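What follows is the content of query36.cif, which has mmCIF, C-alpha atoms:
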data_data
loop_
_atom_site.label_atom_id
_atom_site.label_comp_id
_atom_site.auth_asym_id
_atom_site.auth_seq_id
_atom_site.Cartn_x
_atom_site.Cartn_y
_atom_site.Cartn_z
CA MET A 680 119.66 100.48 114.61
CA LYS A 681 117.81 100.32 111.32
CA ILE A 682 114.05 100.34 110.63
CA VAL A 683 111.84 100.01 107.56
CA LEU A 684 108.48 101.79 107.54
CA ALA A 685 105.58 100.70 105.32
CA GLY A 686 102.04 101.77 104.57
CA GLY A 687 100.24 103.59 101.81
CA GLY A 688 97.21 104.13 99.66
CA THR A 689 95.97 107.23 101.50
CA ALA A 690 97.63 110.04 103.45
CA GLY A 691 96.18 108.51 106.61
CA HIS A 692 98.43 105.49 106.10
CA VAL A 693 101.51 107.68 105.80
CA THR A 694 101.30 110.64 108.19
CA PRO A 695 101.47 108.50 111.37
CA ASN A 696 104.71 107.03 110.05
CA ILE A 697 106.01 110.56 109.53
CA ALA A 698 104.95 111.43 113.08
CA LEU A 699 107.06 108.55 114.39
CA ILE A 700 110.30 109.59 112.68
CA PRO A 701 111.57 112.05 115.36
CA THR A 702 110.85 109.52 118.13
CA LEU A 703 112.60 106.75 116.22
CA ARG A 704 115.69 108.90 115.81
CA GLN A 705 115.67 109.76 119.50
CA ASN A 706 115.51 106.04 120.29
CA GLY A 707 118.62 105.13 118.34
CA PHE A 708 117.32 104.42 114.84
CA ASP A 709 119.99 106.22 112.85
CA GLU A 710 118.87 104.65 109.57
CA ILE A 711 115.21 104.87 108.49
CA HIS A 712 113.91 103.57 105.15
CA TYR A 713 110.44 103.41 103.59
CA ILE A 714 109.06 100.79 101.22
CA GLY A 715 105.90 101.65 99.29
CA THR A 716 104.28 102.19 95.91
CA ASN A 717 104.37 105.10 93.51
CA GLY A 718 101.42 106.64 95.34
CA ILE A 719 100.86 109.38 97.88
CA GLU A 720 103.34 107.73 100.25
CA LYS A 721 106.23 108.31 97.84
CA LYS A 722 105.53 112.03 97.57
CA LEU A 723 105.06 112.55 101.30
CA ILE A 724 108.05 110.48 102.40
CA GLU A 725 110.48 112.00 99.89
CA GLN A 726 109.51 115.42 101.29
CA GLU A 727 110.84 114.16 104.64
CA GLY A 728 114.20 113.20 103.15
CA ILE A 729 113.73 109.51 103.97
CA PRO A 730 115.14 106.97 101.46
CA PHE A 731 112.16 105.53 99.54
CA HIS A 732 112.16 102.10 97.87
CA GLU A 733 109.39 101.56 95.33
CA ILE A 734 107.57 98.26 94.83
CA GLN A 735 104.38 97.13 93.14
CA ALA A 736 101.23 96.33 95.11
CA GLY A 737 97.73 95.42 94.03
CA LYS A 738 94.69 96.94 95.67
CA LEU A 739 92.72 94.46 97.74
CA ARG A 740 88.96 94.47 97.10
CA ARG A 741 86.12 92.91 99.06
CA TYR A 742 84.04 92.21 95.96
CA LEU A 743 84.37 90.24 92.71
CA ASP A 744 86.26 92.16 90.06
CA MET A 745 88.45 91.02 87.16
CA GLN A 746 91.02 93.59 88.28
CA ASN A 747 91.63 91.40 91.33
CA ILE A 748 93.37 88.82 89.11
CA LYS A 749 95.84 91.39 87.81
CA ASP A 750 96.39 92.82 91.28
CA ILE A 751 97.16 89.42 92.78
CA GLY A 752 100.04 89.24 90.32
CA ARG A 753 101.21 92.69 91.43
CA ILE A 754 101.05 91.62 95.07
CA PHE A 755 103.26 88.58 94.45
CA LYS A 756 105.70 90.67 92.45
CA GLY A 757 105.72 93.34 95.14
CA THR A 758 106.45 90.75 97.81
CA SER A 759 109.42 89.51 95.81
CA GLN A 760 110.65 93.09 95.33
CA ALA A 761 110.23 93.85 99.04
CA LYS A 762 112.10 90.70 100.01
CA LYS A 763 115.05 91.69 97.84
CA ILE A 764 115.12 95.19 99.36
CA LEU A 765 114.89 93.87 102.91
CA LYS A 766 117.73 91.43 102.27
CA GLU A 767 119.90 94.34 101.19
CA LEU A 768 118.88 96.69 104.02
CA LYS A 769 118.85 94.10 106.84
CA PRO A 770 116.60 96.16 109.15
CA ASP A 771 116.19 95.36 112.83
CA VAL A 772 112.41 95.80 112.63
CA VAL A 773 109.57 96.66 110.24
CA PHE A 774 106.74 99.01 111.22
CA SER A 775 103.61 98.87 109.05
CA LYS A 776 100.78 101.39 109.14
CA GLY A 777 98.48 99.37 106.88
CA GLY A 778 96.90 99.99 103.51
CA PHE A 779 97.30 97.76 100.46
CA ALA A 780 100.88 98.94 99.91
CA SER A 781 101.97 97.40 103.21
CA CYS A 782 101.11 93.73 102.66
CA PRO A 783 104.07 92.78 100.44
CA VAL A 784 106.49 94.36 102.92
CA VAL A 785 105.03 92.54 105.93
CA TRP A 786 104.89 89.19 104.14
CA ALA A 787 108.48 89.56 102.95
CA ALA A 788 109.65 90.55 106.44
CA LYS A 789 108.04 87.44 107.91
CA GLN A 790 109.87 85.23 105.39
CA LEU A 791 113.15 86.81 106.52
CA ASN A 792 112.33 86.54 110.26
CA ILE A 793 112.40 90.32 110.74
CA PRO A 794 110.28 91.49 113.72
CA ILE A 795 107.06 93.22 112.66
CA VAL A 796 104.94 95.86 114.41
CA LEU A 797 101.55 96.76 112.92
CA HIS A 798 99.38 99.75 113.65
CA GLU A 799 95.60 99.75 113.21
CA SER A 800 93.96 103.19 113.16
CA ASP A 801 90.32 102.23 112.78
CA ILE A 802 87.96 100.48 115.19
CA THR A 803 87.88 97.32 113.09
CA PRO A 804 90.99 96.17 111.20
CA GLY A 805 91.13 96.93 107.49
CA LEU A 806 91.57 94.11 105.00
CA ALA A 807 95.30 94.71 104.58
CA ASN A 808 95.94 94.53 108.31
CA LYS A 809 93.70 91.47 108.65
CA LEU A 810 95.97 89.70 106.18
CA CYS A 811 99.06 90.83 108.10
CA ILE A 812 97.95 90.24 111.70
CA PRO A 813 99.01 86.55 111.78
CA PHE A 814 102.59 87.56 110.94
CA ALA A 815 102.93 90.49 113.37
CA ASP A 816 104.79 90.34 116.66
CA LYS A 817 102.95 93.33 118.13
CA ILE A 818 99.84 95.26 117.04
CA CYS A 819 99.29 98.84 118.19
CA TYR A 820 95.76 100.24 117.99
CA ALA A 821 94.07 103.63 118.24
CA PHE A 822 90.54 103.20 119.60
CA PRO A 823 89.71 101.45 122.90
CA GLU A 824 87.07 99.38 121.07
CA THR A 825 89.63 97.89 118.65
CA GLY A 826 91.18 95.55 121.21
CA ALA A 827 88.19 93.23 120.97
CA HIS A 828 89.08 92.51 117.32
CA LEU A 829 92.77 91.69 117.88
CA PRO A 830 94.77 88.83 119.43
CA LYS A 831 95.14 89.70 123.12
CA ASP A 832 98.74 88.49 123.31
CA LYS A 833 99.80 90.91 120.55
CA ALA A 834 97.56 93.95 120.98
CA ILE A 835 98.62 97.15 122.76
CA TYR A 836 96.45 100.28 123.04
CA THR A 837 98.58 103.26 121.96
CA GLY A 838 96.45 105.80 120.10
CA ILE A 839 97.75 107.32 116.87
CA PRO A 840 101.09 109.14 116.63
CA ILE A 841 100.51 112.83 115.93
CA ARG A 842 102.93 114.92 113.88
CA ALA A 843 104.80 117.37 116.11
CA SER A 844 104.26 120.06 113.47
CA ILE A 845 100.48 119.85 113.98
CA LEU A 846 100.93 120.81 117.63
CA SER A 847 103.26 123.73 116.95
CA GLY A 848 101.06 125.88 114.73
CA ASN A 849 100.68 129.64 115.13
CA ARG A 850 97.17 131.11 115.18
CA GLU A 851 98.21 134.51 113.82
CA LYS A 852 100.05 132.91 110.91
CA GLY A 853 96.99 130.77 110.19
CA LEU A 854 94.72 133.81 110.11
CA SER A 855 97.12 135.66 107.83
CA PHE A 856 97.41 132.68 105.47
CA CYS A 857 93.63 132.59 105.08
CA GLY A 858 93.26 136.36 104.89
CA PHE A 859 91.10 136.53 108.04
CA ASP A 860 91.21 139.30 110.66
CA GLY A 861 90.32 137.07 113.64
CA LYS A 862 87.15 138.96 114.55
CA LYS A 863 84.96 135.93 113.81
CA PRO A 864 85.45 132.30 114.89
CA ILE A 865 87.05 130.11 112.22
CA LEU A 866 85.28 127.12 110.69
CA THR A 867 87.60 124.84 108.72
CA VAL A 868 86.25 122.19 106.37
CA ILE A 869 88.51 119.26 105.48
CA GLY A 870 87.26 116.76 102.92
CA GLY A 871 90.35 114.53 102.77
CA SER A 872 93.26 114.57 100.32
CA GLN A 873 90.90 114.06 97.37
CA GLY A 874 88.17 116.34 98.65
CA SER A 875 84.53 115.40 99.24
CA GLN A 876 81.86 116.18 96.68
CA TYR A 877 79.09 115.98 99.27
CA LEU A 878 80.82 118.27 101.75
CA ASN A 879 81.82 120.70 99.01
CA GLU A 880 78.28 120.96 97.69
CA THR A 881 76.80 121.38 101.17
CA ILE A 882 79.32 124.07 102.09
CA LEU A 883 78.44 126.09 99.00
CA LEU A 884 74.71 125.76 99.72
CA SER A 885 75.23 126.87 103.32
CA LEU A 886 77.96 129.45 102.77
CA ASN A 887 75.94 132.67 103.01
CA LYS A 888 74.43 131.60 106.33
CA LEU A 889 77.76 130.31 107.68
CA LEU A 890 79.50 133.59 106.90
CA LYS A 891 77.12 135.44 109.24
CA THR A 892 78.85 133.70 112.16
CA PHE A 893 82.15 132.30 110.89
CA ASP A 894 85.07 132.94 108.63
CA VAL A 895 85.31 129.74 106.58
CA CYS A 896 88.47 127.97 105.46
CA HIS A 897 87.52 125.32 102.91
CA ILE A 898 90.06 122.64 101.91
CA CYS A 899 88.14 121.33 98.93
CA GLY A 900 90.52 118.86 97.23
CA LYS A 901 92.34 118.78 93.93
CA GLY A 902 90.44 120.29 91.01
CA ASN A 903 87.55 121.54 93.16
CA ILE A 904 88.35 125.26 93.44
CA ASN A 905 85.31 127.45 92.71
CA ARG A 906 86.90 130.51 91.11
CA GLU A 907 83.71 132.56 91.35
CA LEU A 908 84.16 132.60 95.14
CA LEU A 909 87.88 133.35 95.31
CA ASN A 910 87.36 136.97 96.37
CA LEU A 911 84.43 136.39 98.73
CA LYS A 912 85.15 138.11 102.07
CA GLY A 913 85.51 135.68 104.97
CA TYR A 914 85.87 132.63 102.72
CA ALA A 915 89.20 131.05 101.78
CA GLN A 916 89.43 127.91 99.67
CA PHE A 917 92.41 125.70 98.94
CA GLU A 918 92.90 122.47 97.04
CA TYR A 919 95.32 121.27 99.70
CA ILE A 920 97.33 122.94 102.46
CA HIS A 921 100.88 121.73 103.06
CA SER A 922 103.30 123.41 105.51
CA GLU A 923 100.75 126.00 106.65
CA LEU A 924 98.21 123.38 107.80
CA SER A 925 99.37 123.42 111.43
CA ASP A 926 98.88 127.20 111.55
CA VAL A 927 95.41 126.96 110.03
CA MET A 928 94.44 124.17 112.44
CA GLN A 929 95.65 126.24 115.40
CA ALA A 930 93.53 129.16 114.21
CA THR A 931 90.44 126.97 113.79
CA ASP A 932 87.63 126.99 116.36
CA LEU A 933 85.49 124.26 114.81
CA PHE A 934 86.23 121.60 112.19
CA VAL A 935 83.94 119.90 109.69
CA SER A 936 85.50 116.76 108.29
CA ARG A 937 85.26 113.21 107.14
CA ALA A 938 86.15 110.74 109.90
CA GLY A 939 89.47 109.30 108.84
CA ALA A 940 91.21 108.20 112.03
CA THR A 941 94.44 110.15 111.58
CA THR A 942 92.65 113.43 110.93
CA ILE A 943 90.21 113.19 113.83
CA PHE A 944 92.98 112.25 116.26
CA GLU A 945 94.76 115.43 115.21
CA PHE A 946 91.61 117.37 116.18
CA LEU A 947 91.66 115.51 119.50
CA ALA A 948 95.31 116.36 120.13
CA LEU A 949 94.54 120.03 119.45
CA ASN A 950 91.44 119.98 121.71
CA LYS A 951 89.29 121.15 118.80
CA PRO A 952 85.60 120.11 118.50
CA SER A 953 84.29 118.86 115.18
CA VAL A 954 81.28 117.87 113.12
CA LEU A 955 82.11 114.57 111.44
CA VAL A 956 80.46 113.39 108.22
CA PRO A 957 81.83 109.86 107.80
CA LEU A 958 82.30 108.41 104.34
CA THR A 959 79.76 105.67 103.63
CA ARG A 960 79.51 105.29 99.84
CA GLY A 961 82.15 102.84 98.62
CA SER A 962 83.46 102.42 102.17
CA ARG A 963 83.70 99.40 104.46
CA GLY A 964 82.13 101.53 107.21
CA ASP A 965 85.24 102.26 109.26
CA GLN A 966 84.64 106.02 109.28
CA VAL A 967 81.09 105.53 110.59
CA LEU A 968 82.46 103.59 113.55
CA ASN A 969 85.25 106.14 114.11
CA ALA A 970 82.76 109.01 114.18
CA ALA A 971 80.37 107.11 116.46
CA SER A 972 83.19 106.48 118.95
CA PHE A 973 84.17 110.16 119.00
CA GLU A 974 80.55 111.21 119.44
CA LYS A 975 80.08 108.72 122.30
CA GLN A 976 83.17 110.11 124.05
CA GLY A 977 81.91 113.67 123.64
CA TYR A 978 84.61 114.81 121.22
CA ALA A 979 82.46 115.44 118.14
CA LYS A 980 79.01 115.44 116.57
CA LYS A 981 78.34 112.74 113.95
CA LEU A 982 76.25 113.67 110.92
CA ASP A 983 75.21 110.86 108.58
CA GLU A 984 75.95 111.35 104.91
CA SER A 985 72.50 110.00 104.02
CA THR A 986 70.83 112.84 105.93
CA LEU A 987 73.26 115.57 104.89
CA THR A 988 71.29 118.65 103.86
CA GLU A 989 71.83 122.35 104.31
CA GLN A 990 69.47 122.31 107.29
CA THR A 991 71.01 119.31 109.10
CA PHE A 992 74.50 120.63 108.36
CA LEU A 993 73.84 124.08 109.81
CA SER A 994 72.00 122.58 112.78
CA ALA A 995 74.93 120.30 113.66
CA ILE A 996 77.43 123.16 113.42
CA ASP A 997 75.21 125.38 115.57
CA GLU A 998 74.83 122.67 118.22
CA VAL A 999 78.55 122.00 118.55
CA PHE A 1000 79.50 125.67 118.53
CA LYS A 1001 76.96 126.60 121.21
CA ASN A 1002 78.21 123.72 123.39
CA ARG A 1003 81.90 124.18 122.59
CA ALA A 1004 82.87 124.60 126.26
CA LYS A 1005 81.44 121.16 127.06
CA TYR A 1006 83.23 119.62 124.07
CA ALA A 1007 86.48 121.31 125.09
CA GLU A 1008 86.21 119.82 128.57
CA ASN A 1009 85.81 116.32 127.14
CA LEU A 1010 88.64 116.79 124.65
CA LYS A 1011 91.08 117.90 127.34
CA LYS A 1012 90.54 114.67 129.26
CA ALA A 1013 92.01 112.64 126.41
CA ASN A 1014 95.76 112.10 126.52
CA VAL A 1015 96.82 111.36 122.95
CA THR A 1016 100.07 113.27 122.60
CA GLU A 1017 102.29 110.47 123.93
CA SER A 1018 101.35 107.85 121.33
CA ALA A 1019 104.58 108.20 119.37
CA GLU A 1020 106.68 107.65 122.48
CA THR A 1021 104.64 104.57 123.45
CA ILE A 1022 104.93 103.03 119.99
CA GLY A 1023 108.63 103.93 119.89
CA ARG A 1024 109.25 101.92 123.06
CA ILE A 1025 107.45 98.91 121.59
CA ILE A 1026 109.50 99.07 118.39
CA VAL A 1027 112.79 99.44 120.29
CA GLY A 1028 111.88 96.50 122.52
CA LEU A 1029 111.38 94.20 119.52
CA ALA A 1030 114.43 95.46 117.65
CA SER A 1031 116.61 94.89 120.70
CA LYS A 1032 115.54 91.24 120.94
CA LYS A 1033 116.50 90.45 117.36
#

Please express the file's structure as C-alpha cells.
Amino acid sequence: MKIVLAGGGTAGHVTPNIALIPTLRQNGFDEIHYIGTNGIEKKLIEQEGIPFHEIQAGKLRRYLDMQNIKDIGRIFKGTSQAKKILKELKPDVVFSKGGFASCPVVWAAKQLNIPIVLHESDITPGLANKLCIPFADKICYAFPETGAHLPKDKAIYTGIPIRASILSGNREKGLSFCGFDGKKPILTVIGGSQGSQYLNETILLSLNKLLKTFDVCHICGKGNINRELLNLKGYAQFEYIHSELSDVMQATDLFVSRAGATTIFEFLALNKPSVLVPLTRGSRGDQVLNAASFEKQGYAKKLDESTLTEQTFLSAIDEVFKNRAKYAENLKKANVTESAETIGRIIVGLASKK
C-alpha cells in the first residue's frame, strides 16, 4: 500500500507524522511519501529518508492583511501542484497533521477521491483543519475535550503519536551530553523550535536560585545562546537538540515548556511533570487550553505568560517539584503510548476500502 503524509509550518505538525512511520510500515505501507513546503517539514522529513515533494502554500491568517491576497494565490497554486503529484503517486490514503501546508494536499486529495484522515492535536481545531474537516473521512484527536468540536460520525479519540526514539532515551547519556554528574535533579527548559524570549529572560533572571537545587538544561532556540554563561557549572544551553533529545528528556526530572500539544504529550508519555507557560501573544489561544487541560488532569502546573516573573516562575517550579510524587501518580494513569497503533488501524481501514 501507498500513503502520502502532509502537515507543516511548525515541528509540532511534523513530528507526529514521523512517529507514525514505523507503524505504517508494520501495517503494510511499503511506500510512504510526504508533500509539504520548503519549511521545517522538508528538513525533518528528509532526515528520515522519506521522499519529499515540495509545493507552495500560503499562510492562513485570522485578521485582515494584504499578504492574504498573495497567499491565496499560493494556496491555489499549491493545490494544483499537489493534485499533479497525487495523480502521479496514486496513494491509497492521505494522512494530514494540519498546519497551513496541509490544506492544498487535502483539497487535492478530495478532488481525486482519495481517502483522507486528519489529526487535530489541540483542544479546538486550528484554522487549517477547520477548512479541511468537511473533506475528511476520519478525524483523529488528542484531547478528550476536542470531540465536542468535531463531527461525531468522523471523530475518533486517539491521542498523539509519540516518536519511539523519545521513549528509548538513556539517562546516563543525557547527563553526559549536558555535562552533569547526576547529583542534582535536572530541570530542562524547552521554548519551542524558535525559542521563547519570555522563558529565556526569566530563566536568566532565576538562574542563580535555580542552580541551588537543579542542574539546568536550557534549549533556548536559534540565535539565543548566551556565551557569557557557557562555562557556568550546572548550566547547559543549546540552540536545539537533535538526536540526543531523547537522552536529555530521559535524564530530566522536571520540564518547563510552552504548551504545544506534541511536546506536552511527550512529557506525558515519559511520565515527567512540567510547568507550562502557554504562548498567548500572537496566538489563537490553543496553548492556553492545552495547558489548562493538563493542569486539570494533574499532569502539569499552568503559569500564565502575563504573570510570568522571577517570583511566580520559581514558585511554580518549587510547587511541582515538592509534589512530584503526586504528579507522577497522575501521569502514570494516562495511556498515551498506543496512539500510533490506533491511528495506524484507522488509516489501514480506510485504505483497504478504496

Near-region 913-918 of chain A list (6 Å; only C-alpha atoms; drop same-chain fewer than 4 positions) as a list in words: Cys857, Asp894, Val895, Cys896, His897, Ile898, Cys899, Gly900 and Lys901 of chain A

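Ranking A:Ile943, A:Leu878, A:Ala930, A:Ala1013 by their shortest atom-to-atom distance to Asp860 (chain A), with all atoms listed in the file included, puts A:Ala930 first.
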
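With all atoms listed in the file as the atoms that count, the minimum distance from Ile996 (chain A) to the choices A:Lys1011, A:Lys817, A:Lys862, A:Lys981 is reached by A:Lys981.
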
Residues matched by the PyMOL selection byres ((chain A and resi 769) around 12), written as a VMD selection string: chain A and resid 680 to 683 710 to 712 761 to 768 770 to 773 787 to 788 791 to 794 1030 1033

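In this comparison, which uses all atoms listed in the file, the residue of A:Ser936, A:Ser875, A:Thr892, A:Asn696 approaching Phe1000 (chain A) most closely is A:Thr892.
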
Contact residues around Pro701 (chain A) with all atoms listed in the file at 12 Å, ignoring same-chain residues under 6 positions, as a list in words: Pro695, Gly707, Phe708, Asp709, Glu710, Ile711, Glu727, Ile729, Pro840, Ile841, Arg842, Ala843, Ser844, Ala1019, Glu1020 and Gly1023 of chain A

Atomic distance CA of Ser885 (chain A) - CA of Ala948 (chain A), expressed in Å with one decimal: 28.2 Å

Residue among A:Val785, A:Leu1010, A:Ala970, A:Leu909 lying closest to Lys951 (chain A), counting all atoms listed in the file: A:Leu1010

Non-local contacts of Arg1024 (chain A) (12 Å; all atoms listed in the file; under 2 positions in same chain excluded) as a count of residues only: 25

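Remark: for Asn717 (chain A), the closest of the candidate residues A:Gly687, A:Gly977, A:Pro813, A:Pro730 is A:Gly687 (distances computed over all atoms listed in the file).
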
Close residues, Asn1009 (chain A) itself excluded, 9 Å, all atoms listed in the file, min 3 positions apart in chain, as a count of residues only: 9
